[in-house]
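First comes the structure, then the notes that go with it.
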Amino acid sequence: MSETATPRRTLIKGAKILGGRPQDVLVENGTIAEIGSGLPAAGATVIEADGRILLPGLVDLHTHLREPGREDSETVLTGTRAAAAGGYTAVHAMANTFPVADTAGVVEQVWRLGRESGYCDVQPIGAVTVGLGGKQLAELGAMHDSAAGVTVFSDDGKCVDDAVIMRRALEYVKAFDGVVAQHAQEPRLTEGAQMNEGTVSAELGLTGWPAVAEESIIARDILLAAHVGSRLHICHLSTAGSVELVRWAKSKGWRVTAEVTPHHLLLTDELVRSYDPVYKVNPPLRTETDVLALREALADGTIDIVATDHAPHPHEDKDCEWGAAAMGMIGLETALSVVQHTMVDTGLMDWAKVADRMAYAPAAIGRLAGHGRPVAVGEPANLTLVDPAYRSLVDPAGFVSRSRNTPYKGRELPGRVTHTFLRGRATVTDGNLT
Amino acid sequence: MKRHLISATDLSHDDAVLILDTAEEMGRIADRPIKKLPTLRGRTVVNLFFEDSTRTRISFEAAAKRLSADVINFSAKGSSVSKGESLKDTALTLQAMGADAVVIRHHDSGAPHRLATSGWIGGSVVNAGDGTHEHPTQALLDAYTIRRRLAAAGAAGTDLAGRRITIVGDILHSRVARSNVHLLHTLGAEVTVVAPPTLVPIGVEHWPCAVSYDLDAVLPKSDAVMMLRVQRERMNAAYFPTEREYARRYGLNGDRMARMPGHAIVMHPGPMNRGMEITAEVADSPRCTAVEQVTNGVSVRMAVLYLLLGGAEPAATKETHE
């Protein structure tokens with residue numbers, strides 16, 4: 001699919017922008033042309049929103065598209081299709097591919113594949129260190145200067161555990177307003193780690209992944225970022241203690257941002273009792289106390305954004321014993337439903353906050369132009385239409401992603417993305433990809 | 001009883017007592033000139049061992065053979081598993097061969113649970129030790145040994161109510177400890193685990209047992225002291241400073257044994273690290289039940305296989321219904 005130059009008009013009738021009163025939204029040539037009541041439908045494709053919620057197109061700061069290297073689990077094309085189905089118009093592709101996205105060449109390849117897919121914009125993330133090895137800085141400047149225009153750098157999957165390398169990376173990216181997104185995991189404290197360390201791990205005899213392994217790195221990196229005056233982003237916060245640390249950093253005025261995944265907002269380590277590797281993820285599922293702290297922090301803004309950490313794996317890597325299984329869950333197609341379920345339906349957030357946590361703020365952290373913009377006249381028409389009244393049981397067979405490793409199979413979740421627009425062009429119509 | 005034996009928590013109080021009582025009957029067979037029952041004739045028991053464990057494997061093998069079952073030993077070493085075959089494909093292969101029970105030893109915690117719940121096989125699954133999770137038949141043979149030694153004659157039908165059992169050693173990594181804590185608690189015993197704090201898991205406060213770091217304080221109040229094997233390599237991960245320091249603080253020697261009540265026994269699941277967790281003097285004393293535990297292991301495993309596969313009814317009657 002490619003963008004066409006012919007004029008296109010779409011009229012979305014009776015949509016509740018960020019959950020407000022129903023209005024008509026006229027989209028013309030990729031831009032929001034008019035917002036009002038009773039707008040003329042002449043020459044336009046009309047979509048009866050019928051009171052559904054209109055949000056800015058969602059932006060994911062943490063997606064594993066797996067290409068190049070693991071096309072058996074996902075490709076840029078299948079991953080961006082899954083993203084569109086989930087209401088996303090832009091995703092940030094993590095760097096832990098094969099080869100690693102640690103050079104201008106690889107990030108440009110991923111960026112180009114994204115443009116060719118046409119389903120959503122793909123903004124590559126560059127590795128912080130060569131081969132995610134944690135020893136030598138990758139050519140961060142070259143990746144920034146490339147066509148991919150990388151501003152977010154992460155060794156995600158691995159922690160930048162060397163304090164000096166982390167300090168240098170934080171300092172270095174200031175030259176181009178970059179940000180280092182840290183996967184906070186102290187490696188020695190998590191050798192062989194299989195699940196959250198606590199009551200359940202003690203019973204199951206699985207090696208524990210203690211909260212302190214995440215929190216100690218976050219504490220260190222907050223202090224480093226403060227010391228050198230850099231931007232720090234913390235990936236997938238999973239513990240109540242991490243929330244306290246980020247809250248403290250923000251109270252100091254330091255430039256620290258944080259994300260939480262949908263699964264850490266909903267699931268706990270009690271699920272591991274099944275030994276079903278679909279619940280194996282890094283950082284691991286934590287306790288009910290952690291889940292509630294994460295929800296509260298997302299609502300009050302301590303945690304800035306929801307990021308999926310969409311991590312596709314082939315069936316055989318999950319259809320095995322726990323210890324042999326890969327870590328990770330897919331999440332693009334269920335993220336908004338989980339956020340509605342845990343945050344909106346519980347009264348913790350309204351849809352305006354959802355727009356902030358899933359579109360405005362992630363685009364701002366990634367310095368991503370043209371995304372995460374208000375639903376307002378003159379803005380790019382990156383839009384997502386949601387039916388919050390819809391209820392369904394999650395059925396992986398219906399997923400667009402190449403992988404099926406969802407932890408929500410058979411679970412009832414609310415909400416459905418009925419339409420997604422990328423610069424005015426529908427990528428999803430009536431719940432189906434175009 | 002449940003269809004599988006994965007965890008000691010699968011067993012109710014009555015299940016556990018039934019197994020111990022059945023094991024008593026099985027034990028009497030071992031004293032006969034012909035140590036064999038026809039109960040499981042025509043049934044196939046597979047010993048699926050992903051980890052080296054000659055002792056446990058031959059114990060299960062002897063148990064199954066004394067019940068006249070056909071036994072297939074499947075060792076991961078030198079088999080297709082070492083060539084990368086998945087647990088699933090191995091399981092499907094065994095299913096295709098018609099395994100009525102699979103006795104599995106695996107290095108990953110939870111592997112027997114996966115085998116039992118994944119739908120890959122239809123037979124009963126018996127956990128013969130998984131990672132650092134559980135080893136329920138070891139706990140059963142330990143409970144059986146304690147009951148025999150402490151209750152002497154007329155043990156049938158009784159549990160371990162009020163017995164004070166102390167488990168000493170690497171609790172963190174021990175599947176024997178996890179299964180024993182649960183089973184002995186189920187049987188009414190008061191369990192105390194003793195270890196250096198580094199070898200006690202975070203979360204132990206939810207276990208049905210007491211925790212102590214002081215072996216000497218616990219010994220006089222113990223009816224049985226179970227010494228766990230402590231791998232010397234643990235020292236390299238800084239769980240304790242040196243072997244000698246471990247042995248001094250947590251090893252059982254003659255002096256310490258003398259502080260135990262006169263009737264109290266010393267147990268060890270084997271293989272022993274003489275000089276580490278137990279001195280030769282203790283290991284070779286009549287109070288040490290290590291060899292007896294091996295004998296009892298066969299009886300207990302016979303009981304487990306009999307109850308899981310044969311059930312209460314004689315096999316012949318069952319066949320006429322099918």
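Just so we're on the same page: first chain in the structure tokens is A, next is B, and so on; residues restart at 1 for each chain, and ligands are numbered from 1 in the order they show up.
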Next on the checklist: I need the residues of segment 200-246 of chain B that end up classed as strand (DSSP E or B) by DSSP on the backbone, written out as a PyMOL selection string.
Outcome noted: chain B and resi 210-212+224-227
Just the selected residues (C-alpha atoms), exported as a PDB file, in the first residue's frame, please.
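Done, and the output landed in again-v7.pdb:
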ATOM      1  CA  ALA B 210       9.300 -22.793  61.398  1.00  0.00           C
ATOM      2  CA  VAL B 211      12.657 -21.405  60.293  1.00  0.00           C
ATOM      3  CA  SER B 212      15.832 -21.373  62.344  1.00  0.00           C
ATOM      4  CA  ALA B 224      14.030 -36.731  63.421  1.00  0.00           C
ATOM      5  CA  VAL B 225      16.761 -34.672  61.798  1.00  0.00           C
ATOM      6  CA  MET B 226      16.941 -34.757  58.037  1.00  0.00           C
ATOM      7  CA  MET B 227      20.285 -33.688  56.605  1.00  0.00           C
TER       8      MET B 227
END
Next on the checklist: Can you work out which residues from chain B touch chain A at a cut-off of 12 Å (counting only C-alpha atoms) and hand them back as JSON, numbers by chain?
Outcome noted: {"B": [6, 7, 8, 9, 84, 85, 86, 87, 88, 89, 90, 91, 106, 107, 108, 109, 110, 111, 112, 113, 114, 115, 116, 117, 118, 119, 120, 129, 130, 131, 132, 133, 134, 135, 171, 172, 173, 174, 175, 176, 177, 178, 179, 181, 182, 199, 200, 201, 202, 203, 204, 205, 206, 207, 208, 237]}
Next on the checklist: Using DSSP secondary structure from the backbone, list all alpha helix (DSSP H) positions within segment 88-167 of chain A, as a PyMOL selection string.
Outcome noted: chain A and resi 104-117+140-145+163-167
Checklist entry - Out of A:Ala389, A:Val76, A:Val377, A:Val173, which residue has the shortest atom-to-atom distance to Asp24 of chain A when counting only C-alpha atoms? => result A:Val377
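Once segment 263-265 of chain A and its same-chain neighbours fewer than 4 positions away are set aside, His236, Leu237, Ser238, Thr239, Pro284, Leu285, Arg286, Asp290, Val291, Leu292, Leu294, Arg295, Thr308, Met329, Gly331, Ala335, Val338, Val339, Thr342, Met343 and Pro407 of chain A remain within 9 Å of it when counting only C-alpha atoms.
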Checklist entry - Between A:Val394, A:Ala369, A:Ala181, A:Met195, which is the closest to Met327 of chain A once you count only C-alpha atoms? => result A:Met195
